[in-house]
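This is work34.pdb. It holds PDB, C-alpha atoms.
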ATOM      1  CA  MET A  23     -26.713  47.564  18.265  1.00  0.00           C
ATOM      2  CA  GLY A  24     -22.942  47.301  18.783  1.00  0.00           C
ATOM      3  CA  PRO A  25     -20.624  44.944  16.973  1.00  0.00           C
ATOM      4  CA  THR A  26     -20.801  41.285  17.862  1.00  0.00           C
ATOM      5  CA  PRO A  27     -18.122  40.424  20.407  1.00  0.00           C
ATOM      6  CA  ILE A  28     -15.199  38.484  18.954  1.00  0.00           C
ATOM      7  CA  ALA A  29     -15.790  35.618  21.362  1.00  0.00           C
ATOM      8  CA  ALA A  30     -19.345  35.270  20.129  1.00  0.00           C
ATOM      9  CA  ARG A  31     -18.203  35.045  16.533  1.00  0.00           C
ATOM     10  CA  ARG A  32     -15.858  32.155  17.187  1.00  0.00           C
ATOM     11  CA  ALA A  33     -16.975  28.683  16.250  1.00  0.00           C
ATOM     12  CA  ALA A  34     -18.556  26.833  19.115  1.00  0.00           C
ATOM     13  CA  PRO A  35     -16.141  24.378  20.704  1.00  0.00           C
ATOM     14  CA  ARG A  36     -16.582  20.800  19.632  1.00  0.00           C
ATOM     15  CA  SER A  37     -18.230  18.521  22.147  1.00  0.00           C
ATOM     16  CA  PRO A  38     -16.258  15.649  23.728  1.00  0.00           C
ATOM     17  CA  GLU A  39     -18.366  13.241  21.671  1.00  0.00           C
ATOM     18  CA  ARG A  40     -17.417  15.053  18.435  1.00  0.00           C
ATOM     19  CA  LEU A  41     -13.742  15.112  19.414  1.00  0.00           C
ATOM     20  CA  ASP A  42     -13.813  11.387  20.138  1.00  0.00           C
ATOM     21  CA  ARG A  43     -15.560  10.690  16.834  1.00  0.00           C
ATOM     22  CA  ASP A  44     -12.958  12.749  14.986  1.00  0.00           C
ATOM     23  CA  ARG A  45     -10.099  10.846  16.648  1.00  0.00           C
ATOM     24  CA  GLN A  46     -11.664   7.546  15.665  1.00  0.00           C
ATOM     25  CA  ALA A  47     -12.376   8.713  12.130  1.00  0.00           C
ATOM     26  CA  ALA A  48      -8.874   9.934  11.226  1.00  0.00           C
ATOM     27  CA  PRO A  49      -7.228   6.476  10.864  1.00  0.00           C
ATOM     28  CA  GLN A  50     -10.216   5.181   8.911  1.00  0.00           C
ATOM     29  CA  VAL A  51     -10.139   8.156   6.557  1.00  0.00           C
ATOM     30  CA  PHE A  52      -6.394   7.727   6.106  1.00  0.00           C
ATOM     31  CA  GLU A  53      -6.727   4.031   5.220  1.00  0.00           C
ATOM     32  CA  ARG A  54      -9.621   4.714   2.858  1.00  0.00           C
ATOM     33  CA  LEU A  55      -7.829   7.533   1.031  1.00  0.00           C
ATOM     34  CA  ARG A  56      -4.588   5.588   0.933  1.00  0.00           C
ATOM     35  CA  GLY A  57      -6.398   2.625  -0.581  1.00  0.00           C
ATOM     36  CA  MET A  58      -8.007   4.852  -3.202  1.00  0.00           C
ATOM     37  CA  ILE A  59      -4.585   6.303  -4.104  1.00  0.00           C
ATOM     38  CA  ILE A  60      -2.846   2.910  -4.273  1.00  0.00           C
ATOM     39  CA  SER A  61      -5.647   1.444  -6.395  1.00  0.00           C
ATOM     40  CA  LEU A  62      -5.504   4.514  -8.687  1.00  0.00           C
ATOM     41  CA  GLU A  63      -9.144   5.285  -7.984  1.00  0.00           C
ATOM     42  CA  LEU A  64      -7.502   8.599  -7.139  1.00  0.00           C
ATOM     43  CA  PRO A  65      -4.786   8.803  -9.818  1.00  0.00           C
ATOM     44  CA  PRO A  66      -1.775  11.133  -9.682  1.00  0.00           C
ATOM     45  CA  GLY A  67      -2.835  14.758 -10.048  1.00  0.00           C
ATOM     46  CA  SER A  68      -6.257  14.274  -8.459  1.00  0.00           C
ATOM     47  CA  PRO A  69      -7.203  17.315  -6.324  1.00  0.00           C
ATOM     48  CA  LEU A  70      -8.198  16.646  -2.713  1.00  0.00           C
ATOM     49  CA  SER A  71     -10.467  19.238  -1.139  1.00  0.00           C
ATOM     50  CA  ARG A  72     -10.801  19.133   2.645  1.00  0.00           C
ATOM     51  CA  ALA A  73     -14.327  20.500   2.483  1.00  0.00           C
ATOM     52  CA  ALA A  74     -15.409  18.029  -0.196  1.00  0.00           C
ATOM     53  CA  LEU A  75     -13.833  15.093   1.654  1.00  0.00           C
ATOM     54  CA  ALA A  76     -15.422  16.162   4.927  1.00  0.00           C
ATOM     55  CA  GLY A  77     -18.803  16.182   3.210  1.00  0.00           C
ATOM     56  CA  GLN A  78     -18.134  12.831   1.536  1.00  0.00           C
ATOM     57  CA  PHE A  79     -17.167  11.135   4.806  1.00  0.00           C
ATOM     58  CA  GLY A  80     -19.696  13.038   6.928  1.00  0.00           C
ATOM     59  CA  ILE A  81     -17.123  14.304   9.417  1.00  0.00           C
ATOM     60  CA  SER A  82     -15.381  17.550  10.321  1.00  0.00           C
ATOM     61  CA  SER A  83     -12.290  18.808   8.517  1.00  0.00           C
ATOM     62  CA  THR A  84      -9.976  17.897  11.418  1.00  0.00           C
ATOM     63  CA  PRO A  85      -9.658  14.145  10.722  1.00  0.00           C
ATOM     64  CA  ILE A  86      -9.402  14.976   7.016  1.00  0.00           C
ATOM     65  CA  ARG A  87      -6.472  17.281   7.767  1.00  0.00           C
ATOM     66  CA  ASP A  88      -4.819  14.618   9.934  1.00  0.00           C
ATOM     67  CA  ALA A  89      -5.257  11.962   7.249  1.00  0.00           C
ATOM     68  CA  LEU A  90      -3.803  14.239   4.564  1.00  0.00           C
ATOM     69  CA  MET A  91      -0.811  14.986   6.794  1.00  0.00           C
ATOM     70  CA  ARG A  92      -0.099  11.264   7.124  1.00  0.00           C
ATOM     71  CA  LEU A  93      -0.457  10.809   3.373  1.00  0.00           C
ATOM     72  CA  GLU A  94       1.988  13.673   2.847  1.00  0.00           C
ATOM     73  CA  GLU A  95       4.466  11.957   5.181  1.00  0.00           C
ATOM     74  CA  GLU A  96       4.270   8.860   2.963  1.00  0.00           C
ATOM     75  CA  GLY A  97       4.767  11.007  -0.124  1.00  0.00           C
ATOM     76  CA  LEU A  98       1.366  10.108  -1.549  1.00  0.00           C
ATOM     77  CA  VAL A  99       0.028  13.671  -1.688  1.00  0.00           C
ATOM     78  CA  ASP A 100       1.613  17.040  -2.388  1.00  0.00           C
ATOM     79  CA  VAL A 101       0.386  19.922  -0.249  1.00  0.00           C
ATOM     80  CA  PHE A 102       0.609  23.450  -1.618  1.00  0.00           C
ATOM     81  CA  PRO A 103      -0.299  25.751   1.319  1.00  0.00           C
ATOM     82  CA  GLN A 104      -3.178  28.131   0.638  1.00  0.00           C
ATOM     83  CA  TYR A 105      -3.600  26.584  -2.786  1.00  0.00           C
ATOM     84  CA  ALA A 106      -4.329  22.869  -3.146  1.00  0.00           C
ATOM     85  CA  THR A 107      -3.587  19.307  -2.117  1.00  0.00           C
ATOM     86  CA  VAL A 108      -3.153  16.816  -4.948  1.00  0.00           C
ATOM     87  CA  VAL A 109      -2.267  13.147  -5.262  1.00  0.00           C
ATOM     88  CA  SER A 110       1.454  12.951  -6.002  1.00  0.00           C
ATOM     89  CA  ARG A 111       3.004  11.387  -9.058  1.00  0.00           C
ATOM     90  CA  VAL A 112       4.692   8.020  -8.584  1.00  0.00           C
ATOM     91  CA  ASP A 113       8.246   8.759  -7.466  1.00  0.00           C
ATOM     92  CA  VAL A 114      10.445   6.142  -9.132  1.00  0.00           C
ATOM     93  CA  ARG A 115      13.370   6.812  -6.790  1.00  0.00           C
ATOM     94  CA  LEU A 116      11.210   6.203  -3.723  1.00  0.00           C
ATOM     95  CA  ALA A 117       9.760   3.099  -5.376  1.00  0.00           C
ATOM     96  CA  GLN A 118      13.277   1.737  -5.890  1.00  0.00           C
ATOM     97  CA  GLN A 119      14.199   2.470  -2.283  1.00  0.00           C
ATOM     98  CA  ALA A 120      11.054   0.718  -1.034  1.00  0.00           C
ATOM     99  CA  HIS A 121      11.916  -2.287  -3.204  1.00  0.00           C
ATOM    100  CA  PHE A 122      15.440  -2.372  -1.732  1.00  0.00           C
ATOM    101  CA  LEU A 123      14.066  -2.265   1.827  1.00  0.00           C
ATOM    102  CA  ARG A 124      11.420  -4.880   1.212  1.00  0.00           C
ATOM    103  CA  GLN A 125      13.762  -7.270  -0.554  1.00  0.00           C
ATOM    104  CA  ALA A 126      16.432  -6.998   2.147  1.00  0.00           C
ATOM    105  CA  VAL A 127      13.922  -7.783   4.888  1.00  0.00           C
ATOM    106  CA  GLU A 128      11.898 -10.474   3.141  1.00  0.00           C
ATOM    107  CA  LEU A 129      14.930 -12.423   1.928  1.00  0.00           C
ATOM    108  CA  GLU A 130      15.884 -12.976   5.559  1.00  0.00           C
ATOM    109  CA  ILE A 131      12.302 -13.727   6.550  1.00  0.00           C
ATOM    110  CA  VAL A 132      11.708 -16.448   3.954  1.00  0.00           C
ATOM    111  CA  ARG A 133      15.089 -17.976   4.718  1.00  0.00           C
ATOM    112  CA  GLY A 134      14.211 -18.280   8.388  1.00  0.00           C
ATOM    113  CA  LEU A 135      10.731 -19.633   7.631  1.00  0.00           C
ATOM    114  CA  ALA A 136      12.153 -22.290   5.309  1.00  0.00           C
ATOM    115  CA  ILE A 137      14.581 -23.389   7.998  1.00  0.00           C
ATOM    116  CA  SER A 138      11.871 -23.562  10.676  1.00  0.00           C
ATOM    117  CA  HIS A 139       9.432 -25.281   8.257  1.00  0.00           C
ATOM    118  CA  ASP A 140       5.959 -24.891   9.823  1.00  0.00           C
ATOM    119  CA  GLU A 141       3.424 -26.997   7.888  1.00  0.00           C
ATOM    120  CA  ALA A 142       0.412 -25.182   9.373  1.00  0.00           C
ATOM    121  CA  PHE A 143       1.831 -21.865   8.223  1.00  0.00           C
ATOM    122  CA  VAL A 144       2.410 -23.175   4.701  1.00  0.00           C
ATOM    123  CA  ALA A 145      -1.222 -24.287   4.622  1.00  0.00           C
ATOM    124  CA  GLU A 146      -2.261 -20.713   5.477  1.00  0.00           C
ATOM    125  CA  LEU A 147      -0.093 -19.359   2.660  1.00  0.00           C
ATOM    126  CA  ASN A 148      -1.610 -21.808   0.203  1.00  0.00           C
ATOM    127  CA  GLY A 149      -5.102 -20.766   1.257  1.00  0.00           C
ATOM    128  CA  THR A 150      -4.261 -17.156   0.442  1.00  0.00           C
ATOM    129  CA  ILE A 151      -2.806 -18.213  -2.906  1.00  0.00           C
ATOM    130  CA  VAL A 152      -6.030 -20.044  -3.785  1.00  0.00           C
ATOM    131  CA  ARG A 153      -8.065 -16.894  -3.138  1.00  0.00           C
ATOM    132  CA  GLN A 154      -5.591 -14.833  -5.114  1.00  0.00           C
ATOM    133  CA  GLN A 155      -5.911 -17.203  -8.067  1.00  0.00           C
ATOM    134  CA  GLN A 156      -9.678 -16.812  -7.971  1.00  0.00           C
ATOM    135  CA  PHE A 157      -9.387 -13.013  -8.002  1.00  0.00           C
ATOM    136  CA  ALA A 158      -6.917 -13.200 -10.894  1.00  0.00           C
ATOM    137  CA  LYS A 159      -9.304 -15.283 -12.986  1.00  0.00           C
ATOM    138  CA  ALA A 160     -12.166 -12.896 -12.228  1.00  0.00           C
ATOM    139  CA  GLY A 161     -10.074  -9.825 -13.046  1.00  0.00           C
ATOM    140  CA  GLU A 162     -10.795  -8.383  -9.590  1.00  0.00           C
ATOM    141  CA  PHE A 163      -7.560  -6.459  -9.276  1.00  0.00           C
ATOM    142  CA  GLU A 164      -8.275  -4.657  -5.994  1.00  0.00           C
ATOM    143  CA  LYS A 165      -9.113  -7.915  -4.214  1.00  0.00           C
ATOM    144  CA  PHE A 166      -6.110  -9.506  -5.898  1.00  0.00           C
ATOM    145  CA  MET A 167      -3.815  -6.800  -4.512  1.00  0.00           C
ATOM    146  CA  ALA A 168      -5.342  -7.169  -1.057  1.00  0.00           C
ATOM    147  CA  ALA A 169      -4.624 -10.904  -1.175  1.00  0.00           C
ATOM    148  CA  ASP A 170      -1.102 -10.151  -2.404  1.00  0.00           C
ATOM    149  CA  ASN A 171      -0.512  -7.935   0.627  1.00  0.00           C
ATOM    150  CA  GLU A 172      -2.054 -10.580   2.864  1.00  0.00           C
ATOM    151  CA  PHE A 173       0.443 -13.164   1.575  1.00  0.00           C
ATOM    152  CA  HIS A 174       3.400 -10.953   2.437  1.00  0.00           C
ATOM    153  CA  ALA A 175       1.910  -9.861   5.769  1.00  0.00           C
ATOM    154  CA  GLN A 176       1.611 -13.545   6.694  1.00  0.00           C
ATOM    155  CA  LEU A 177       5.360 -13.942   6.144  1.00  0.00           C
ATOM    156  CA  TYR A 178       6.117 -11.119   8.582  1.00  0.00           C
ATOM    157  CA  THR A 179       3.608 -12.406  11.139  1.00  0.00           C
ATOM    158  CA  ALA A 180       5.026 -15.921  11.026  1.00  0.00           C
ATOM    159  CA  ALA A 181       8.501 -14.473  11.598  1.00  0.00           C
ATOM    160  CA  ASP A 182       7.184 -12.288  14.460  1.00  0.00           C
ATOM    161  CA  LYS A 183       8.101  -9.144  12.536  1.00  0.00           C
ATOM    162  CA  GLN A 184       4.694  -7.427  12.380  1.00  0.00           C
ATOM    163  CA  ASP A 185       6.090  -4.017  13.325  1.00  0.00           C
ATOM    164  CA  ILE A 186       8.547  -4.206  10.445  1.00  0.00           C
ATOM    165  CA  TRP A 187       5.659  -4.989   8.101  1.00  0.00           C
ATOM    166  CA  THR A 188       3.969  -1.793   9.287  1.00  0.00           C
ATOM    167  CA  LEU A 189       7.149   0.128   8.485  1.00  0.00           C
ATOM    168  CA  VAL A 190       7.607  -1.521   5.093  1.00  0.00           C
ATOM    169  CA  LYS A 191       3.985  -0.885   4.157  1.00  0.00           C
ATOM    170  CA  SER A 192       4.301   2.806   5.059  1.00  0.00           C
ATOM    171  CA  ARG A 193       7.250   3.089   2.644  1.00  0.00           C
ATOM    172  CA  SER A 194       5.663   1.086  -0.170  1.00  0.00           C
ATOM    173  CA  GLY A 195       3.062   3.484  -1.547  1.00  0.00           C
ATOM    174  CA  HIS A 196       5.023   4.341  -4.688  1.00  0.00           C
ATOM    175  CA  ILE A 197       6.123   0.801  -5.537  1.00  0.00           C
ATOM    176  CA  ASP A 198       2.583  -0.426  -4.849  1.00  0.00           C
ATOM    177  CA  ARG A 199       1.211   2.092  -7.347  1.00  0.00           C
ATOM    178  CA  LEU A 200       3.742   0.933  -9.922  1.00  0.00           C
ATOM    179  CA  ARG A 201       2.580  -2.638  -9.315  1.00  0.00           C
ATOM    180  CA  ARG A 202      -1.040  -1.565  -9.747  1.00  0.00           C
ATOM    181  CA  LEU A 203      -0.180   0.090 -13.068  1.00  0.00           C
ATOM    182  CA  HIS A 204       1.602  -3.088 -14.163  1.00  0.00           C
ATOM    183  CA  LEU A 205      -0.978  -5.584 -12.885  1.00  0.00           C
ATOM    184  CA  PRO A 206      -3.392  -5.489 -15.877  1.00  0.00           C
ATOM    185  CA  SER A 207      -0.548  -6.451 -18.255  1.00  0.00           C
ATOM    186  CA  PRO A 208      -1.204  -9.863 -19.876  1.00  0.00           C
ATOM    187  CA  GLY A 209       0.047 -12.672 -17.668  1.00  0.00           C
ATOM    188  CA  LYS A 210       1.218 -10.427 -14.807  1.00  0.00           C
ATOM    189  CA  ALA A 211      -1.354 -11.605 -12.246  1.00  0.00           C
ATOM    190  CA  GLN A 212      -0.649 -15.246 -13.089  1.00  0.00           C
ATOM    191  CA  ASP A 213       3.091 -14.634 -12.722  1.00  0.00           C
ATOM    192  CA  ILE A 214       2.521 -13.271  -9.218  1.00  0.00           C
ATOM    193  CA  VAL A 215       0.443 -16.314  -8.249  1.00  0.00           C
ATOM    194  CA  ARG A 216       3.084 -18.631  -9.687  1.00  0.00           C
ATOM    195  CA  HIS A 217       5.852 -16.885  -7.743  1.00  0.00           C
ATOM    196  CA  HIS A 218       3.850 -17.115  -4.534  1.00  0.00           C
ATOM    197  CA  ARG A 219       3.368 -20.831  -5.087  1.00  0.00           C
ATOM    198  CA  LEU A 220       7.087 -21.337  -5.662  1.00  0.00           C
ATOM    199  CA  ILE A 221       7.949 -19.383  -2.504  1.00  0.00           C
ATOM    200  CA  ALA A 222       5.468 -21.404  -0.433  1.00  0.00           C
ATOM    201  CA  LYS A 223       6.710 -24.656  -1.968  1.00  0.00           C
ATOM    202  CA  ALA A 224      10.337 -23.826  -1.126  1.00  0.00           C
ATOM    203  CA  ILE A 225       9.386 -22.933   2.464  1.00  0.00           C
ATOM    204  CA  ASP A 226       7.450 -26.191   2.729  1.00  0.00           C
ATOM    205  CA  ALA A 227      10.432 -28.138   1.363  1.00  0.00           C
ATOM    206  CA  GLY A 228      12.803 -26.524   3.859  1.00  0.00           C
ATOM    207  CA  ASP A 229      14.756 -24.966   0.974  1.00  0.00           C
ATOM    208  CA  PRO A 230      15.970 -21.521   2.122  1.00  0.00           C
ATOM    209  CA  ASP A 231      18.038 -20.863  -1.008  1.00  0.00           C
ATOM    210  CA  GLY A 232      15.087 -21.686  -3.255  1.00  0.00           C
ATOM    211  CA  ALA A 233      12.748 -19.502  -1.189  1.00  0.00           C
ATOM    212  CA  GLN A 234      15.142 -16.579  -1.526  1.00  0.00           C
ATOM    213  CA  LYS A 235      15.611 -17.114  -5.253  1.00  0.00           C
ATOM    214  CA  HIS A 236      11.886 -17.141  -5.979  1.00  0.00           C
ATOM    215  CA  LEU A 237      11.247 -14.148  -3.700  1.00  0.00           C
ATOM    216  CA  ARG A 238      13.955 -12.109  -5.428  1.00  0.00           C
ATOM    217  CA  THR A 239      12.436 -12.865  -8.848  1.00  0.00           C
ATOM    218  CA  HIS A 240       8.968 -12.060  -7.545  1.00  0.00           C
ATOM    219  CA  LEU A 241       9.819  -8.683  -6.022  1.00  0.00           C
ATOM    220  CA  SER A 242      11.872  -7.547  -9.020  1.00  0.00           C
ATOM    221  CA  GLY A 243       9.169  -8.131 -11.632  1.00  0.00           C
ATOM    222  CA  THR A 244       7.640  -4.655 -11.755  1.00  0.00           C
ATOM    223  CA  LEU A 245      10.870  -2.629 -11.700  1.00  0.00           C
ATOM    224  CA  SER A 246      12.250  -4.783 -14.504  1.00  0.00           C
ATOM    225  CA  GLU A 247       9.364  -3.488 -16.655  1.00  0.00           C
ATOM    226  CA  LEU A 248       9.776   0.149 -15.620  1.00  0.00           C
ATOM    227  CA  ALA A 249      10.496   1.411 -19.144  1.00  0.00           C
ATOM    228  CA  GLN A 250       7.263  -0.105 -20.467  1.00  0.00           C
ATOM    229  CA  ILE A 251       5.234   1.273 -17.562  1.00  0.00           C
ATOM    230  CA  ARG A 252       6.726   4.724 -18.075  1.00  0.00           C
ATOM    231  CA  ALA A 253       5.934   4.600 -21.795  1.00  0.00           C
ATOM    232  CA  ARG A 254       2.296   3.764 -21.074  1.00  0.00           C
ATOM    233  CA  TYR A 255       1.779   6.202 -18.194  1.00  0.00           C
ATOM    234  CA  PRO A 256       4.280   9.049 -18.612  1.00  0.00           C
ATOM    235  CA  GLU A 257       1.986  11.541 -16.862  1.00  0.00           C
ATOM    236  CA  TYR A 258       1.843   9.388 -13.720  1.00  0.00           C
ATOM    237  CA  LEU A 259       5.578   8.939 -13.054  1.00  0.00           C
ATOM    238  CA  SER A 260       8.383  11.213 -11.899  1.00  0.00           C
ATOM    239  CA  ASP A 261      12.094  10.467 -11.455  1.00  0.00           C
TER     240      ASP A 261
END

Full structure transcribed into structure tokens:
Amino acid sequence: MGPTPIAARRAAPRSPERLDRDRQAAPQVFERLRGMIISLELPPGSPLSRAALAGQFGISSTPIRDALMRLEEEGLVDVFPQYATVVSRVDVRLAQQAHFLRQAVELEIVRGLAISHDEAFVAELNGTIVRQQQFAKAGEFEKFMAADNEFHAQLYTAADKQDIWTLVKSRSGHIDRLRRLHLPSPGKAQDIVRHHRLIAKAIDAGDPDGAQKHLRTHLSGTLSELAQIRARYPEYLSD
């Protein structure tokens, strides 16, 4: 019997149904992996095997590859061709840049919201703060962080700046990981809730200067404790 023709040895083409499933799966895999990295369920240095992830998610390697490429674009994974893909260390420089971007945008947003003074919107903010307080008391840090993001996303939505929120979020992976490292510190979660209340109160009072002041204090909290975070987690951070 002669050698098997090359064409016969090639993998069978994927069906249209499989291709469609892969396209739908890629964003979901990306969000799931990103969440695991931000929450430190996958800490810096964790290896990411395409084959293992494909088996874990029950999909082909194509959406895994696409998700890892997006994570690399955000600087959340390091890809070493023909060798390995690992979760990146927290890049302090990128965290500082993300903080600068977020502060510049949100200072203008809260100022505008305080001037426009929408009572229904303030009620929505306060509802999120109540849930966040509950998560803080229960020590449910992942739900707490989700509520934290929801609070800020509501600011962008109310200002009709949802696309900018998408941009800011895509640049915030490193600062968000710093915040997650800092969150278990005594009193940190309560400080965040208190700052959110002060921001909402200033917006409700039509006090743009107060809203900006409280937002600036709120966003600067983690970077002001950078030395302590670095001392506790030196293996997780890079300059």

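With only C-alpha atoms as the atoms that count, the minimum distance from Ala74 in chain A to the choices A:Ala117, A:Val109, A:Ile86, A:Val144 is reached by A:Ile86.
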
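Contact shell of range 147-151 of chain A at 7 Å (all atoms listed in the file; same-chain neighbours under 2 positions omitted): Phe143, Val144, Ala145, Arg153, Gln154, Gln155, Ala169, Phe173, Val215, His218 and Ala222 of chain A.
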
Quick check on the file I pasted: which residues fall under the PyMOL selection byres ((chain A and resi 216) around 12)? Write them as a PDB file with C-alpha atoms, in the coordinates of the input.
ATOM      1  CA  ASN A 148      -1.610 -21.808   0.203  1.00  0.00           C
ATOM      2  CA  ILE A 151      -2.806 -18.213  -2.906  1.00  0.00           C
ATOM      3  CA  VAL A 152      -6.030 -20.044  -3.785  1.00  0.00           C
ATOM      4  CA  GLN A 154      -5.591 -14.833  -5.114  1.00  0.00           C
ATOM      5  CA  GLN A 155      -5.911 -17.203  -8.067  1.00  0.00           C
ATOM      6  CA  ALA A 158      -6.917 -13.200 -10.894  1.00  0.00           C
ATOM      7  CA  ASP A 170      -1.102 -10.151  -2.404  1.00  0.00           C
ATOM      8  CA  GLY A 209       0.047 -12.672 -17.668  1.00  0.00           C
ATOM      9  CA  LYS A 210       1.218 -10.427 -14.807  1.00  0.00           C
ATOM     10  CA  ALA A 211      -1.354 -11.605 -12.246  1.00  0.00           C
ATOM     11  CA  GLN A 212      -0.649 -15.246 -13.089  1.00  0.00           C
ATOM     12  CA  ASP A 213       3.091 -14.634 -12.722  1.00  0.00           C
ATOM     13  CA  ILE A 214       2.521 -13.271  -9.218  1.00  0.00           C
ATOM     14  CA  VAL A 215       0.443 -16.314  -8.249  1.00  0.00           C
ATOM     15  CA  HIS A 217       5.852 -16.885  -7.743  1.00  0.00           C
ATOM     16  CA  HIS A 218       3.850 -17.115  -4.534  1.00  0.00           C
ATOM     17  CA  ARG A 219       3.368 -20.831  -5.087  1.00  0.00           C
ATOM     18  CA  LEU A 220       7.087 -21.337  -5.662  1.00  0.00           C
ATOM     19  CA  ILE A 221       7.949 -19.383  -2.504  1.00  0.00           C
ATOM     20  CA  ALA A 222       5.468 -21.404  -0.433  1.00  0.00           C
ATOM     21  CA  LYS A 223       6.710 -24.656  -1.968  1.00  0.00           C
ATOM     22  CA  HIS A 236      11.886 -17.141  -5.979  1.00  0.00           C
ATOM     23  CA  LEU A 237      11.247 -14.148  -3.700  1.00  0.00           C
ATOM     24  CA  THR A 239      12.436 -12.865  -8.848  1.00  0.00           C
ATOM     25  CA  HIS A 240       8.968 -12.060  -7.545  1.00  0.00           C
TER      26      HIS A 240
END

Please tabulate, as a tab-separated table, the residues of range 73-176 of chain A that come within 9 Å of range 47-69 of chain A, each with its closest pair of atoms and the distance in Å to one decimal, counting all atoms listed in the file and ordering rows by chain, then residue number upward.
residue	atom	partner	partner_atom	distance
A:Phe79	CA	A:Val51	CA	7.8
A:Ile81	CA	A:Ala47	CA	7.8
A:Thr84	CA	A:Ala48	CA	8.0
A:Pro85	CA	A:Ala48	CA	4.3
A:Ile86	CA	A:Ala48	CA	6.6
A:Arg87	CA	A:Ala48	CA	8.5
A:Asp88	CA	A:Ala48	CA	6.3
A:Ala89	CA	A:Phe52	CA	4.5
A:Leu90	CA	A:Phe52	CA	7.2
A:Arg92	CA	A:Phe52	CA	7.3
A:Leu93	CA	A:Arg56	CA	7.1
A:Leu98	CA	A:Ile59	CA	7.5
A:Val99	CA	A:Pro66	CA	8.6
A:Ala106	CA	A:Pro69	CA	7.0
A:Thr107	CA	A:Pro69	CA	5.9
A:Val108	CA	A:Pro69	CA	4.3
A:Val109	CA	A:Pro66	CA	4.9
A:Ser110	CA	A:Pro66	CA	5.2
A:Arg111	CA	A:Pro66	CA	4.8
A:Val112	CA	A:Pro66	CA	7.3
A:Phe163	CA	A:Ser61	CA	8.6
A:Glu164	CA	A:Ser61	CA	6.7
A:Met167	CA	A:Ser61	CA	8.7

Can those selected residues be exported to a file as a PDB file, in the coordinates of the input so that it contains C-alpha atoms?
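Full text of result-v1.pdb as output:
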ATOM      1  CA  PHE A  79     -17.167  11.135   4.806  1.00  0.00           C
ATOM      2  CA  ILE A  81     -17.123  14.304   9.417  1.00  0.00           C
ATOM      3  CA  THR A  84      -9.976  17.897  11.418  1.00  0.00           C
ATOM      4  CA  PRO A  85      -9.658  14.145  10.722  1.00  0.00           C
ATOM      5  CA  ILE A  86      -9.402  14.976   7.016  1.00  0.00           C
ATOM      6  CA  ARG A  87      -6.472  17.281   7.767  1.00  0.00           C
ATOM      7  CA  ASP A  88      -4.819  14.618   9.934  1.00  0.00           C
ATOM      8  CA  ALA A  89      -5.257  11.962   7.249  1.00  0.00           C
ATOM      9  CA  LEU A  90      -3.803  14.239   4.564  1.00  0.00           C
ATOM     10  CA  ARG A  92      -0.099  11.264   7.124  1.00  0.00           C
ATOM     11  CA  LEU A  93      -0.457  10.809   3.373  1.00  0.00           C
ATOM     12  CA  LEU A  98       1.366  10.108  -1.549  1.00  0.00           C
ATOM     13  CA  VAL A  99       0.028  13.671  -1.688  1.00  0.00           C
ATOM     14  CA  ALA A 106      -4.329  22.869  -3.146  1.00  0.00           C
ATOM     15  CA  THR A 107      -3.587  19.307  -2.117  1.00  0.00           C
ATOM     16  CA  VAL A 108      -3.153  16.816  -4.948  1.00  0.00           C
ATOM     17  CA  VAL A 109      -2.267  13.147  -5.262  1.00  0.00           C
ATOM     18  CA  SER A 110       1.454  12.951  -6.002  1.00  0.00           C
ATOM     19  CA  ARG A 111       3.004  11.387  -9.058  1.00  0.00           C
ATOM     20  CA  VAL A 112       4.692   8.020  -8.584  1.00  0.00           C
ATOM     21  CA  PHE A 163      -7.560  -6.459  -9.276  1.00  0.00           C
ATOM     22  CA  GLU A 164      -8.275  -4.657  -5.994  1.00  0.00           C
ATOM     23  CA  MET A 167      -3.815  -6.800  -4.512  1.00  0.00           C
TER      24      MET A 167
END

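Shortest separation to Gly228 in chain A among A:Ser138, A:Gln125, A:Ser246, A:Gln46 occurs at residue A:Ser138, atoms counted being all atoms listed in the file.
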
Subject >> CA of Gly97 in chain A to CA of Thr179 in chain A, straight-line distance in Å >> reply: 26.0 Å

Original post:
Pick the closest to Gln234 in chain A from A:Leu135, A:Leu259, A:Leu116, A:Ala160: which is it, counting only C-alpha atoms?
Top reply: A:Leu135

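Candidate residues A:Met91, A:Leu189, A:Leu248, A:Ala224 were compared for distance to Val132 in chain A, and the nearest is A:Ala224, using only C-alpha atoms.
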
Original post:
From the list A:Ile137, A:Pro256, A:Ser192, A:Arg202, which residue is nearest Ala233 in chain A when using all atoms listed in the file?
Top reply: A:Ile137

**OP:** Around the point (7.8, -3.4, -20.0), in the coordinates given by the file, pick out the residues reaching within 12 Å, counting only C-alpha atoms, and return them as a PyMOL selection string.
**Re:** chain A and resi 200-201+203-205+207-208+210+243-255

Take every atom of range 219-233 of chain A listed in the file, pad by 5 Å on each side, and give me the axis-aligned box centre and edge lengths in Å, one decimal, as AutoDock Vina command-line options.
--center_x 10.7 --center_y -23.8 --center_z -0.9 --size_x 24.7 --size_y 18.8 --size_z 19.5

Original post:
Quick one, how far is CA of Val127 in chain A from CA of Pro206 in chain A?
Top reply: 27.1 Å

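The two atoms in question, CA of Asp231 in chain A and CA of Ala126 in chain A, are spaced 14.3 Å apart.
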
Subject >> Answer as a ChimeraX atom specification, residues within 8 Å of (11.2, 0.3, 3.0) using all atoms listed in the file >> reply: /A:119-124,189-194

Resulting file, chosen residues, C-alpha atoms, as a short mmCIF file (atom, residue, chain, number, x, y, z; two decimals), in the coordinates of the input:
data_model
loop_
_atom_site.label_atom_id
_atom_site.label_comp_id
_atom_site.auth_asym_id
_atom_site.auth_seq_id
_atom_site.Cartn_x
_atom_site.Cartn_y
_atom_site.Cartn_z
CA GLN A 119 14.20 2.47 -2.28
CA ALA A 120 11.05 0.72 -1.03
CA HIS A 121 11.92 -2.29 -3.20
CA PHE A 122 15.44 -2.37 -1.73
CA LEU A 123 14.07 -2.26 1.83
CA ARG A 124 11.42 -4.88 1.21
CA LEU A 189 7.15 0.13 8.48
CA VAL A 190 7.61 -1.52 5.09
CA LYS A 191 3.98 -0.88 4.16
CA SER A 192 4.30 2.81 5.06
CA ARG A 193 7.25 3.09 2.64
CA SER A 194 5.66 1.09 -0.17
#
